[in-house]
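Have a look at run-v8.cif; it's mmCIF, C-alpha atoms:
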data_entry
#
loop_
_atom_site.label_atom_id
_atom_site.label_comp_id
_atom_site.auth_asym_id
_atom_site.auth_seq_id
_atom_site.Cartn_x
_atom_site.Cartn_y
_atom_site.Cartn_z
CA MET A 12 -12.88 30.80 6.42
CA THR A 13 -15.32 30.47 9.27
CA ASP A 14 -17.47 27.70 10.59
CA HIS A 15 -19.99 26.30 8.10
CA ASP A 16 -22.81 26.21 10.64
CA GLU A 17 -22.47 29.97 11.03
CA HIS A 18 -22.67 30.48 7.26
CA PRO A 19 -25.36 28.16 5.86
CA GLY A 20 -25.69 30.10 2.60
CA PHE A 21 -23.61 27.76 0.44
CA ASP A 22 -24.86 27.23 -3.11
CA ALA A 23 -24.84 23.45 -2.61
CA THR A 24 -23.87 20.93 0.03
CA HIS A 25 -22.43 17.48 -0.49
CA ARG A 26 -21.93 16.55 3.15
CA GLY A 27 -21.33 12.85 3.70
CA GLU A 28 -21.15 12.02 -0.01
CA THR A 29 -18.46 9.87 -1.61
CA PHE A 30 -16.86 10.88 -4.90
CA ARG A 31 -15.09 7.84 -6.39
CA ARG A 32 -13.32 7.70 -9.76
CA PHE A 33 -14.04 11.37 -10.52
CA ASP A 34 -11.63 13.53 -12.52
CA PHE A 35 -11.29 16.94 -10.85
CA THR A 36 -8.17 17.97 -12.82
CA ASP A 37 -7.76 21.79 -12.79
CA THR A 38 -10.92 22.19 -10.69
CA VAL A 39 -10.99 25.21 -8.38
CA PHE A 40 -12.37 24.78 -4.86
CA ASP A 41 -13.03 28.28 -3.52
CA ASP A 42 -14.73 29.17 -0.24
CA THR A 43 -15.29 25.45 0.22
CA TYR A 44 -15.76 23.61 3.49
CA LEU A 45 -13.63 20.41 3.71
CA VAL A 46 -13.62 19.81 7.47
CA GLY A 47 -13.44 16.08 8.17
CA ALA A 48 -12.94 15.24 4.47
CA ARG A 49 -11.08 12.04 3.59
CA PHE A 50 -8.85 11.78 0.51
CA LYS A 51 -7.82 8.23 -0.40
CA ASN A 52 -5.91 7.09 -3.48
CA VAL A 53 -6.01 10.60 -4.89
CA ALA A 54 -3.49 12.28 -7.19
CA LEU A 55 -2.65 15.79 -5.95
CA LYS A 56 0.26 16.51 -8.29
CA GLY A 57 0.53 20.23 -8.85
CA ALA A 58 -2.19 21.04 -6.29
CA ARG A 59 -2.08 24.50 -4.70
CA ILE A 60 -3.66 25.34 -1.35
CA THR A 61 -3.55 29.04 -0.52
CA GLY A 62 -5.18 31.32 2.02
CA SER A 63 -6.58 28.27 3.82
CA GLN A 64 -6.72 26.82 7.31
CA VAL A 65 -4.63 23.65 7.37
CA VAL A 66 -5.08 22.48 10.96
CA ASP A 67 -4.91 18.94 12.36
CA VAL A 68 -4.29 17.56 8.86
CA ASP A 69 -2.80 14.06 8.53
CA ILE A 70 -1.06 13.23 5.23
CA SER A 71 0.42 9.86 4.32
CA GLY A 72 1.52 8.56 0.94
CA GLU A 73 4.15 9.27 -1.69
CA VAL A 74 5.25 12.83 -0.92
CA GLU A 75 7.60 14.74 -3.22
CA ARG A 76 8.33 18.48 -3.28
CA LEU A 77 5.83 19.37 -0.58
CA THR A 78 6.11 23.09 0.12
CA VAL A 79 4.57 24.55 3.27
CA ASN A 80 4.58 28.36 3.51
CA GLY A 81 7.44 28.57 1.05
CA VAL A 82 9.55 25.79 2.63
CA ASP A 83 10.05 22.44 0.88
CA VAL A 84 9.69 20.02 3.80
CA THR A 85 10.17 16.80 1.81
CA ASP A 86 13.80 16.12 2.77
CA PHE A 87 13.10 16.90 6.41
CA VAL A 88 10.18 14.46 6.49
CA GLU A 89 12.18 11.71 4.76
CA ALA A 90 15.14 12.17 7.10
CA GLU A 91 12.89 12.06 10.16
CA LEU A 92 11.16 8.88 8.97
CA ASP A 93 14.55 7.24 8.39
CA ARG A 94 15.68 8.33 11.85
CA ARG A 95 12.63 6.80 13.47
CA GLU A 96 12.91 3.58 11.44
CA PRO A 97 16.55 2.89 10.52
CA ASP A 98 15.51 -0.15 8.44
CA ARG A 99 13.46 2.12 6.19
CA ALA A 100 16.58 3.43 4.46
CA ARG A 101 17.40 -0.17 3.50
CA MET A 102 14.15 -0.44 1.56
CA ARG A 103 15.65 1.47 -1.38
CA PRO A 104 18.01 -1.20 -2.72
CA ARG A 105 19.77 -1.07 -6.09
CA LYS A 106 22.45 -3.75 -5.74
CA PRO A 107 21.92 -7.53 -5.32
CA ALA A 108 23.26 -7.62 -1.76
CA GLU A 109 20.99 -4.70 -0.81
CA PHE A 110 17.94 -6.51 -2.15
CA ARG A 111 18.84 -9.56 -0.08
CA GLU A 112 19.36 -7.46 3.04
CA ALA A 113 16.01 -5.74 2.55
CA TRP A 114 14.22 -9.07 2.09
CA ASP A 115 15.90 -10.51 5.20
CA ILE A 116 14.45 -7.60 7.20
CA LEU A 117 10.99 -8.01 5.72
CA GLU A 118 10.89 -11.77 6.33
CA ARG A 119 11.84 -11.24 9.95
CA ARG A 120 9.37 -8.43 10.53
CA TRP A 121 6.46 -10.24 8.95
CA ALA A 122 7.19 -13.42 10.94
CA GLU A 123 7.02 -11.40 14.16
CA THR A 124 3.87 -9.61 13.06
CA VAL A 125 2.05 -12.79 12.05
CA GLU A 126 2.71 -14.24 15.51
CA ARG A 127 1.32 -11.04 16.97
CA ALA A 128 -1.79 -11.33 14.81
CA ARG A 129 -2.36 -14.94 15.84
CA ARG A 130 -2.88 -13.82 19.44
CA LEU A 131 -6.00 -11.90 18.43
CA ASP A 132 -9.53 -13.19 18.06
CA PRO A 133 -9.57 -14.52 14.44
CA GLU A 134 -12.63 -12.40 13.63
CA LEU A 135 -10.64 -9.24 14.30
CA LEU A 136 -8.30 -10.15 11.47
CA HIS A 137 -11.19 -9.52 9.07
CA GLU A 138 -11.96 -6.16 10.65
CA ARG A 139 -11.02 -2.90 8.96
CA VAL A 140 -9.59 0.00 10.94
CA ASP A 141 -10.60 3.46 9.68
CA GLY A 142 -11.72 1.94 6.39
CA GLU A 143 -8.29 0.47 5.57
CA TRP A 144 -7.77 -3.16 4.59
CA SER A 145 -8.06 -5.79 7.30
CA PHE A 146 -5.02 -7.86 8.24
CA ILE A 147 -6.18 -10.74 6.04
CA GLU A 148 -7.01 -8.43 3.14
CA THR A 149 -3.49 -7.02 3.42
CA GLN A 150 -2.03 -10.52 3.11
CA ARG A 151 -4.23 -11.20 0.10
CA HIS A 152 -3.11 -8.00 -1.56
CA LEU A 153 0.56 -8.88 -1.06
CA VAL A 154 -0.11 -12.25 -2.72
CA PHE A 155 -1.57 -10.33 -5.65
CA ALA A 156 1.40 -7.94 -5.81
CA THR A 157 3.88 -10.83 -5.93
CA ASP A 158 1.80 -12.64 -8.53
CA ALA A 159 1.63 -9.52 -10.69
CA TRP A 160 5.18 -8.24 -10.51
CA ILE A 161 7.29 -11.30 -9.75
CA ARG A 162 5.46 -14.32 -11.15
CA ARG A 163 3.97 -12.52 -14.17
CA ALA A 164 6.13 -9.51 -15.07
CA LEU A 165 9.49 -10.99 -14.04
CA LEU A 166 9.11 -14.78 -14.36
CA GLY A 167 6.72 -14.72 -17.30
CA ASP A 168 3.70 -16.64 -15.99
CA PRO A 169 0.78 -15.05 -17.88
CA SER A 170 -1.84 -16.15 -15.34
CA PRO A 171 -0.26 -16.65 -11.90
CA TRP A 172 -3.36 -15.75 -9.92
CA SER A 173 -4.94 -17.36 -6.89
CA PRO A 174 -8.71 -16.90 -6.43
CA LEU A 175 -7.80 -15.07 -3.21
CA ASP A 176 -5.67 -12.43 -4.93
CA LEU A 177 -6.85 -8.93 -3.99
CA PRO A 178 -5.88 -6.11 -6.40
CA HIS A 179 -5.65 -2.52 -5.21
CA ASP A 180 -8.99 -0.73 -5.01
CA ASP A 181 -8.26 1.80 -7.74
CA MET A 182 -7.30 -0.83 -10.32
CA ALA A 183 -9.95 -1.25 -13.01
CA ASP A 184 -11.54 -4.68 -13.26
CA ILE A 185 -9.64 -7.00 -15.60
CA PRO A 186 -11.49 -10.20 -16.55
CA GLU A 187 -8.34 -12.30 -16.30
CA VAL A 188 -7.53 -11.11 -12.74
CA PRO A 189 -9.66 -12.34 -9.80
CA ARG A 190 -11.12 -9.83 -7.39
CA ASP A 191 -13.46 -11.34 -4.77
CA GLN A 192 -13.89 -8.74 -2.06
CA SER A 193 -16.61 -10.67 -0.22
CA VAL A 194 -14.72 -13.86 0.64
CA ARG A 195 -13.47 -14.24 4.24
CA PRO A 196 -10.76 -16.93 4.20
CA PRO A 197 -9.17 -18.07 7.46
CA LEU A 198 -5.73 -16.73 8.32
CA ASP A 199 -3.95 -20.06 7.78
CA GLU A 200 -5.29 -20.41 4.23
CA VAL A 201 -4.00 -16.98 3.30
CA LEU A 202 -0.67 -17.50 5.06
CA GLU A 203 -0.09 -20.68 3.05
CA LEU A 204 -0.28 -18.56 -0.10
CA ARG A 205 1.96 -15.93 1.48
CA ARG A 206 4.61 -18.50 2.37
CA ASP A 207 4.63 -19.74 -1.21
CA ARG A 208 4.93 -16.25 -2.71
CA MET A 209 7.55 -15.14 -0.20
CA ALA A 210 9.58 -18.27 -1.03
CA THR A 211 9.42 -17.28 -4.70
CA MET A 212 10.65 -13.80 -3.81
CA ARG A 213 13.48 -15.31 -1.74
CA THR A 214 14.58 -17.39 -4.74
CA VAL A 215 14.53 -14.28 -6.92
CA VAL A 216 16.57 -12.05 -4.61
CA ASP A 217 19.07 -14.82 -3.86
CA GLY A 218 19.64 -15.23 -7.59
CA LEU A 219 20.12 -11.56 -8.43
CA THR A 220 23.37 -10.46 -10.03
CA ASP A 221 24.70 -7.06 -11.02
CA ASP A 222 23.79 -7.75 -14.64
CA ALA A 223 20.33 -9.04 -13.73
CA VAL A 224 19.22 -5.95 -11.82
CA GLU A 225 20.15 -3.76 -14.79
CA SER A 226 18.39 -6.00 -17.32
CA ARG A 227 14.79 -5.75 -18.52
CA THR A 228 11.97 -8.25 -18.35
CA THR A 229 10.45 -9.97 -21.37
CA PRO A 230 6.92 -8.64 -21.96
CA VAL A 231 4.05 -11.03 -21.24
CA THR A 232 1.71 -10.76 -24.23
CA GLU A 233 -1.42 -12.31 -22.69
CA PRO A 234 -4.01 -9.95 -21.09
CA GLY A 235 -3.60 -9.29 -17.37
CA TYR A 236 -1.82 -7.01 -14.96
CA PRO A 237 0.62 -5.36 -15.31
CA GLU A 238 0.28 -4.43 -18.96
CA SER A 239 2.31 -6.08 -21.70
CA ARG A 240 5.62 -4.23 -21.67
CA ASP A 241 9.17 -4.65 -20.45
CA PHE A 242 10.33 -3.41 -17.03
CA LEU A 243 13.69 -2.81 -15.39
CA VAL A 244 14.31 -5.80 -13.11
CA ALA A 245 15.49 -3.56 -10.27
CA ASP A 246 12.19 -1.69 -10.44
CA VAL A 247 10.09 -4.85 -10.47
CA VAL A 248 11.81 -6.41 -7.47
CA GLY A 249 11.98 -3.03 -5.74
CA CYS A 250 8.22 -2.67 -6.20
CA ILE A 251 7.67 -5.72 -3.98
CA ILE A 252 10.16 -4.47 -1.40
CA ASN A 253 8.21 -1.21 -1.28
CA GLU A 254 4.80 -2.93 -1.10
CA GLU A 255 5.91 -5.26 1.67
CA TRP A 256 7.43 -2.47 3.74
CA TYR A 257 4.53 -0.05 3.61
CA HIS A 258 1.82 -2.66 4.05
CA HIS A 259 3.73 -4.00 7.04
CA GLN A 260 3.74 -0.50 8.50
CA TYR A 261 -0.01 -0.24 7.96
CA ALA A 262 -0.55 -3.70 9.47
CA ILE A 263 1.28 -2.99 12.72
CA ARG A 264 -0.47 0.38 13.00
CA ASP A 265 -3.88 -1.28 12.75
CA LEU A 266 -2.95 -4.28 14.91
CA ALA A 267 -2.25 -1.86 17.74
CA VAL A 268 -5.82 -0.58 17.43
CA LEU A 269 -7.26 -4.10 17.35
CA GLU A 270 -5.18 -5.13 20.37
CA SER A 271 -6.58 -2.21 22.32
CA ARG A 272 -10.03 -3.75 21.96
CA GLY A 273 -8.85 -6.56 24.22
CA ARG A 274 -10.12 -9.63 22.39
CA HIS A 275 -7.28 -12.16 22.43
CA THR A 276 -7.26 -15.92 21.95
CA GLY A 277 -5.01 -16.46 24.94
#
Using the file provided, produce a representation of the structure as structure tokens.
Amino acid sequence: MTDHDEHPGFDATHRGETFRRFDFTDTVFDDTYLVGARFKNVALKGARITGSQVVDVDISGEVERLTVNGVDVTDFVEAELDRREPDRARMRPRKPAEFREAWDILERRWAETVERARRLDPELLHERVDGEWSFIETQRHLVFATDAWIRRALLGDPSPWSPLDLPHDDMADIPEVPRDQSVRPPLDEVLELRRDRMATMRTVVDGLTDDAVESRTTPVTEPGYPESRDFLVADVVGCIINEEWYHHQYAIRDLAVLESRGRHTG
């Protein structure tokens, strides 16, 4: 494949366009120019890329059975990530004590990161880096995640929502679940919600027993998110551990960019 500018005879061009909520299942992209393309919240299960130039490509997300030139690199990548971040391996708990250890780590890390964020100009905390959620949007999303999986799915509150809850972008609108993407609340207002939800999570993990983690939740019948069904308790609590870990990683990545812009409060 050569440079597009040297070969302008494509049948059609879609440069700069955004394709959102399209189903391209089993679509074939042949002799197609994807330089600079961005793939966000996409499902690539079973995708095959052959005879292509894969240069300067950055992939992040849930990666399983990734084969590069005949070599499954998944285990290597996972081992390297665990080596770089030893706490990461503790984010896969299955026993009560492991859940408590994971939550201890997350509480500590978030406390440090919030103090770091407070040193920035407050307006920067509403700023997105490379199109990802701002620091405050990240906090709002974690409030939503705890409301959905802990307060609703696990504890049975059919409508646990705050008006500031921020669902994930690819979730369809649900009338019962708030989604105000335009509001710009101050950091302290959002952190008050976070403290409340994190305290709920602390109560949950402190109360876990061997029998509890292997039990299933009672379905909430009222409309909302997640859907009305039962879940394994270990999976529900583990979902929040996972959300908190990865969104913390994203937050510190983006804070580093914001700090480089040099606008601090002192």
Give me, please, the distance in Å between CA of Arg49 in chain A and CA of Pro133 in chain A, quoted to one decimal.
-> 28.7 Å
On this structure, which residues satisfy the PyMOL selection byres ((chain A and resi 228) around 9), written as an MDAnalysis selection string?
-> chainID A and resid 164:167 226:227 229:231 240:244 247
CA of Asp86 in chain A sits from CA of His258 in chain A at a separation of 22.3 Å
Using all atoms listed in the file, tabulate the residues of range 79-150 of chain A lying at most 9 Å from any atom of range 201-213 of chain A, each with its closest atom pair and that distance in Å to one decimal, by chain and increasing residue number, as a tab-separated table.
residue	atom	partner	partner_atom	distance
A:Arg111	CA	A:Arg213	CA	8.0
A:Trp114	CA	A:Arg213	CA	7.4
A:Asp115	CA	A:Arg213	CA	8.8
A:Glu118	CA	A:Met209	CA	8.1
A:Val125	CA	A:Leu202	CA	8.9
A:Ile147	CA	A:Val201	CA	7.2
A:Gln150	CA	A:Val201	CA	6.8
Resolved residues for the PyMOL selection byres ((chain A and resi 31) around 12) as a PyMOL selection string | chain A and resi 28-30+32-35+49-53+180-181
In Å and to one decimal, CA of Asn253 in chain A is distant from CA of Pro196 in chain A by 25.2 Å
What residues come out when you apply the PyMOL selection byres ((chain A and resi 177) around 6) to this file, written as a PyMOL selection string?
-> chain A and resi 151-152+155+176+178+190
Selection export as a PDB file, in the coordinates of the input, atoms kept: C-alpha atoms:
ATOM      1  CA  ARG A 151      -4.230 -11.200   0.100  1.00  0.00           C
ATOM      2  CA  HIS A 152      -3.110  -8.000  -1.560  1.00  0.00           C
ATOM      3  CA  PHE A 155      -1.570 -10.330  -5.650  1.00  0.00           C
ATOM      4  CA  ASP A 176      -5.670 -12.430  -4.930  1.00  0.00           C
ATOM      5  CA  PRO A 178      -5.880  -6.110  -6.400  1.00  0.00           C
ATOM      6  CA  ARG A 190     -11.120  -9.830  -7.390  1.00  0.00           C
TER       7      ARG A 190
END
Using only C-alpha atoms, pick whichever of A:Glu200, A:Arg163, A:Gly218, A:Ala48 has the shortest atom-to-atom distance to Val68 in chain A.
->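 Ranking A:Glu200, A:Arg163, A:Gly218, A:Ala48 by distance to Val68 in chain A, first place goes to A:Ala48.
If you measure from each of A:Asp246, A:Glu126, A:Glu270, A:Asp265 to Arg139 in chain A using all atoms listed in the file, the closest one turns out to be A:Asp265.
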Pick from A:Val74, A:Asp184, A:Asp41, A:Tyr236 nearest to Lys56 in chain A, counting only C-alpha atoms |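 For Lys56 in chain A, the nearest of the given residues is A:Val74.
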Restricting to only C-alpha atoms, whichever of A:Ala54, A:Ala223, A:Leu153, A:Met182 is closest to Cys250 in chain A is A:Leu153
Selected residue of minimal separation from Arg272 in chain A among A:Ala90, A:Ala108, A:Leu131, A:Ala23, counting all atoms listed in the file = A:Leu131
Show me, as a PDB file with C-alpha atoms, keeping the file's coordinate frame, the residues that have an atom within 10 Å of Leu219 in chain A when counting all atoms listed in the file, minus same-chain residues fewer than 2 positions from it.
ATOM      1  CA  LYS A 106      22.450  -3.750  -5.740  1.00  0.00           C
ATOM      2  CA  PRO A 107      21.920  -7.530  -5.320  1.00  0.00           C
ATOM      3  CA  ALA A 108      23.260  -7.620  -1.760  1.00  0.00           C
ATOM      4  CA  PHE A 110      17.940  -6.510  -2.150  1.00  0.00           C
ATOM      5  CA  ARG A 111      18.840  -9.560  -0.080  1.00  0.00           C
ATOM      6  CA  THR A 214      14.580 -17.390  -4.740  1.00  0.00           C
ATOM      7  CA  VAL A 215      14.530 -14.280  -6.920  1.00  0.00           C
ATOM      8  CA  VAL A 216      16.570 -12.050  -4.610  1.00  0.00           C
ATOM      9  CA  ASP A 217      19.070 -14.820  -3.860  1.00  0.00           C
ATOM     10  CA  ASP A 221      24.700  -7.060 -11.020  1.00  0.00           C
ATOM     11  CA  ASP A 222      23.790  -7.750 -14.640  1.00  0.00           C
ATOM     12  CA  ALA A 223      20.330  -9.040 -13.730  1.00  0.00           C
ATOM     13  CA  VAL A 224      19.220  -5.950 -11.820  1.00  0.00           C
ATOM     14  CA  VAL A 244      14.310  -5.800 -13.110  1.00  0.00           C
ATOM     15  CA  ALA A 245      15.490  -3.560 -10.270  1.00  0.00           C
ATOM     16  CA  VAL A 248      11.810  -6.410  -7.470  1.00  0.00           C
TER      17      VAL A 248
END
Quick one: residues within 10 Å of Leu135 in chain A, only C-alpha atoms counted, chain neighbours fewer than 6 positions away excluded, as number ranges by chain?
-> A: 128, 145-147, 266, 269-270, 272, 274-275
Can you patch up range 175-186 of chain A, filling it in to all heavy atoms, and show the result as a PDB file, in the coordinates of the input?
ATOM      1  N   LEU A 175      -7.806 -15.978  -4.348  1.00  0.00           N
ATOM      2  CA  LEU A 175      -7.800 -15.070  -3.210  1.00  0.00           C
ATOM      3  C   LEU A 175      -6.996 -13.801  -3.454  1.00  0.00           C
ATOM      4  O   LEU A 175      -6.920 -12.934  -2.582  1.00  0.00           O
ATOM      5  CB  LEU A 175      -7.258 -15.787  -1.962  1.00  0.00           C
ATOM      6  CG  LEU A 175      -8.145 -16.894  -1.400  1.00  0.00           C
ATOM      7  CD1 LEU A 175      -7.496 -17.526  -0.175  1.00  0.00           C
ATOM      8  CD2 LEU A 175      -9.529 -16.358  -1.046  1.00  0.00           C
ATOM      9  N   ASP A 176      -6.396 -13.666  -4.626  1.00  0.00           N
ATOM     10  CA  ASP A 176      -5.670 -12.430  -4.930  1.00  0.00           C
ATOM     11  C   ASP A 176      -6.598 -11.227  -4.771  1.00  0.00           C
ATOM     12  O   ASP A 176      -7.772 -11.278  -5.150  1.00  0.00           O
ATOM     13  CB  ASP A 176      -5.153 -12.455  -6.371  1.00  0.00           C
ATOM     14  CG  ASP A 176      -3.852 -13.228  -6.498  1.00  0.00           C
ATOM     15  OD1 ASP A 176      -3.533 -13.996  -5.583  1.00  0.00           O
ATOM     16  OD2 ASP A 176      -3.167 -13.064  -7.519  1.00  0.00           O
ATOM     17  N   LEU A 177      -6.057 -10.143  -4.215  1.00  0.00           N
ATOM     18  CA  LEU A 177      -6.850  -8.930  -3.990  1.00  0.00           C
ATOM     19  C   LEU A 177      -6.112  -7.734  -4.590  1.00  0.00           C
ATOM     20  O   LEU A 177      -5.190  -7.191  -3.988  1.00  0.00           O
ATOM     21  CB  LEU A 177      -7.096  -8.709  -2.500  1.00  0.00           C
ATOM     22  CG  LEU A 177      -8.022  -7.544  -2.148  1.00  0.00           C
ATOM     23  CD1 LEU A 177      -9.418  -7.770  -2.723  1.00  0.00           C
ATOM     24  CD2 LEU A 177      -8.096  -7.369  -0.627  1.00  0.00           C
ATOM     25  N   PRO A 178      -6.516  -7.284  -5.794  1.00  0.00           N
ATOM     26  CA  PRO A 178      -5.880  -6.110  -6.400  1.00  0.00           C
ATOM     27  C   PRO A 178      -6.186  -4.840  -5.605  1.00  0.00           C
ATOM     28  O   PRO A 178      -7.109  -4.799  -4.786  1.00  0.00           O
ATOM     29  CB  PRO A 178      -6.536  -6.042  -7.787  1.00  0.00           C
ATOM     30  CG  PRO A 178      -7.087  -7.408  -8.031  1.00  0.00           C
ATOM     31  CD  PRO A 178      -7.489  -7.917  -6.679  1.00  0.00           C
ATOM     32  N   HIS A 179      -5.404  -3.789  -5.862  1.00  0.00           N
ATOM     33  CA  HIS A 179      -5.650  -2.520  -5.210  1.00  0.00           C
ATOM     34  C   HIS A 179      -6.990  -1.951  -5.662  1.00  0.00           C
ATOM     35  O   HIS A 179      -7.452  -2.188  -6.786  1.00  0.00           O
ATOM     36  CB  HIS A 179      -4.513  -1.517  -5.481  1.00  0.00           C
ATOM     37  CG  HIS A 179      -3.989  -1.536  -6.883  1.00  0.00           C
ATOM     38  ND1 HIS A 179      -3.193  -2.541  -7.398  1.00  0.00           N
ATOM     39  CD2 HIS A 179      -4.149  -0.647  -7.902  1.00  0.00           C
ATOM     40  CE1 HIS A 179      -2.883  -2.274  -8.652  1.00  0.00           C
ATOM     41  NE2 HIS A 179      -3.459  -1.143  -8.985  1.00  0.00           N
ATOM     42  N   ASP A 180      -7.617  -1.187  -4.779  1.00  0.00           N
ATOM     43  CA  ASP A 180      -8.990  -0.730  -5.010  1.00  0.00           C
ATOM     44  C   ASP A 180      -9.137   0.105  -6.267  1.00  0.00           C
ATOM     45  O   ASP A 180     -10.185   0.079  -6.920  1.00  0.00           O
ATOM     46  CB  ASP A 180      -9.490   0.077  -3.804  1.00  0.00           C
ATOM     47  CG  ASP A 180      -9.756  -0.791  -2.586  1.00  0.00           C
ATOM     48  OD1 ASP A 180      -9.902  -2.020  -2.758  1.00  0.00           O
ATOM     49  OD2 ASP A 180      -9.814  -0.240  -1.463  1.00  0.00           O
ATOM     50  N   ASP A 181      -8.113   0.889  -6.602  1.00  0.00           N
ATOM     51  CA  ASP A 181      -8.260   1.800  -7.740  1.00  0.00           C
ATOM     52  C   ASP A 181      -7.885   1.171  -9.067  1.00  0.00           C
ATOM     53  O   ASP A 181      -7.863   1.841 -10.089  1.00  0.00           O
ATOM     54  CB  ASP A 181      -7.461   3.087  -7.505  1.00  0.00           C
ATOM     55  CG  ASP A 181      -5.979   2.817  -7.288  1.00  0.00           C
ATOM     56  OD1 ASP A 181      -5.632   1.670  -6.965  1.00  0.00           O
ATOM     57  OD2 ASP A 181      -5.183   3.764  -7.429  1.00  0.00           O
ATOM     58  N   MET A 182      -7.584  -0.142  -9.069  1.00  0.00           N
ATOM     59  CA  MET A 182      -7.300  -0.830 -10.320  1.00  0.00           C
ATOM     60  C   MET A 182      -8.611  -1.201 -11.004  1.00  0.00           C
ATOM     61  O   MET A 182      -9.504  -1.766 -10.377  1.00  0.00           O
ATOM     62  CB  MET A 182      -6.471  -2.089 -10.083  1.00  0.00           C
ATOM     63  CG  MET A 182      -5.956  -2.719 -11.358  1.00  0.00           C
ATOM     64  SD  MET A 182      -5.063  -4.270 -11.055  1.00  0.00           S
ATOM     65  CE  MET A 182      -6.378  -5.461 -11.319  1.00  0.00           C
ATOM     66  N   ALA A 183      -8.738  -0.892 -12.274  1.00  0.00           N
ATOM     67  CA  ALA A 183      -9.950  -1.250 -13.010  1.00  0.00           C
ATOM     68  C   ALA A 183     -10.078  -2.773 -13.078  1.00  0.00           C
ATOM     69  O   ALA A 183      -9.078  -3.506 -13.048  1.00  0.00           O
ATOM     70  CB  ALA A 183      -9.880  -0.668 -14.426  1.00  0.00           C
ATOM     71  N   ASP A 184     -11.311  -3.242 -13.144  1.00  0.00           N
ATOM     72  CA  ASP A 184     -11.540  -4.680 -13.260  1.00  0.00           C
ATOM     73  C   ASP A 184     -10.936  -5.200 -14.549  1.00  0.00           C
ATOM     74  O   ASP A 184     -11.118  -4.621 -15.627  1.00  0.00           O
ATOM     75  CB  ASP A 184     -13.035  -4.987 -13.227  1.00  0.00           C
ATOM     76  CG  ASP A 184     -13.635  -4.843 -11.832  1.00  0.00           C
ATOM     77  OD1 ASP A 184     -12.876  -5.018 -10.849  1.00  0.00           O
ATOM     78  OD2 ASP A 184     -14.835  -4.556 -11.723  1.00  0.00           O
ATOM     79  N   ILE A 185     -10.218  -6.317 -14.447  1.00  0.00           N
ATOM     80  CA  ILE A 185      -9.640  -7.000 -15.600  1.00  0.00           C
ATOM     81  C   ILE A 185     -10.163  -8.425 -15.555  1.00  0.00           C
ATOM     82  O   ILE A 185      -9.964  -9.131 -14.563  1.00  0.00           O
ATOM     83  CB  ILE A 185      -8.096  -6.985 -15.536  1.00  0.00           C
ATOM     84  CG1 ILE A 185      -7.573  -5.540 -15.541  1.00  0.00           C
ATOM     85  CG2 ILE A 185      -7.501  -7.776 -16.690  1.00  0.00           C
ATOM     86  CD1 ILE A 185      -6.070  -5.430 -15.328  1.00  0.00           C
ATOM     87  N   PRO A 186     -10.865  -8.875 -16.596  1.00  0.00           N
ATOM     88  CA  PRO A 186     -11.490 -10.200 -16.550  1.00  0.00           C
ATOM     89  C   PRO A 186     -10.548 -11.328 -16.162  1.00  0.00           C
ATOM     90  O   PRO A 186     -10.950 -12.285 -15.491  1.00  0.00           O
ATOM     91  CB  PRO A 186     -12.028 -10.379 -17.976  1.00  0.00           C
ATOM     92  CG  PRO A 186     -12.237  -8.992 -18.482  1.00  0.00           C
ATOM     93  CD  PRO A 186     -11.144  -8.166 -17.857  1.00  0.00           C
TER      94      PRO A 186
END
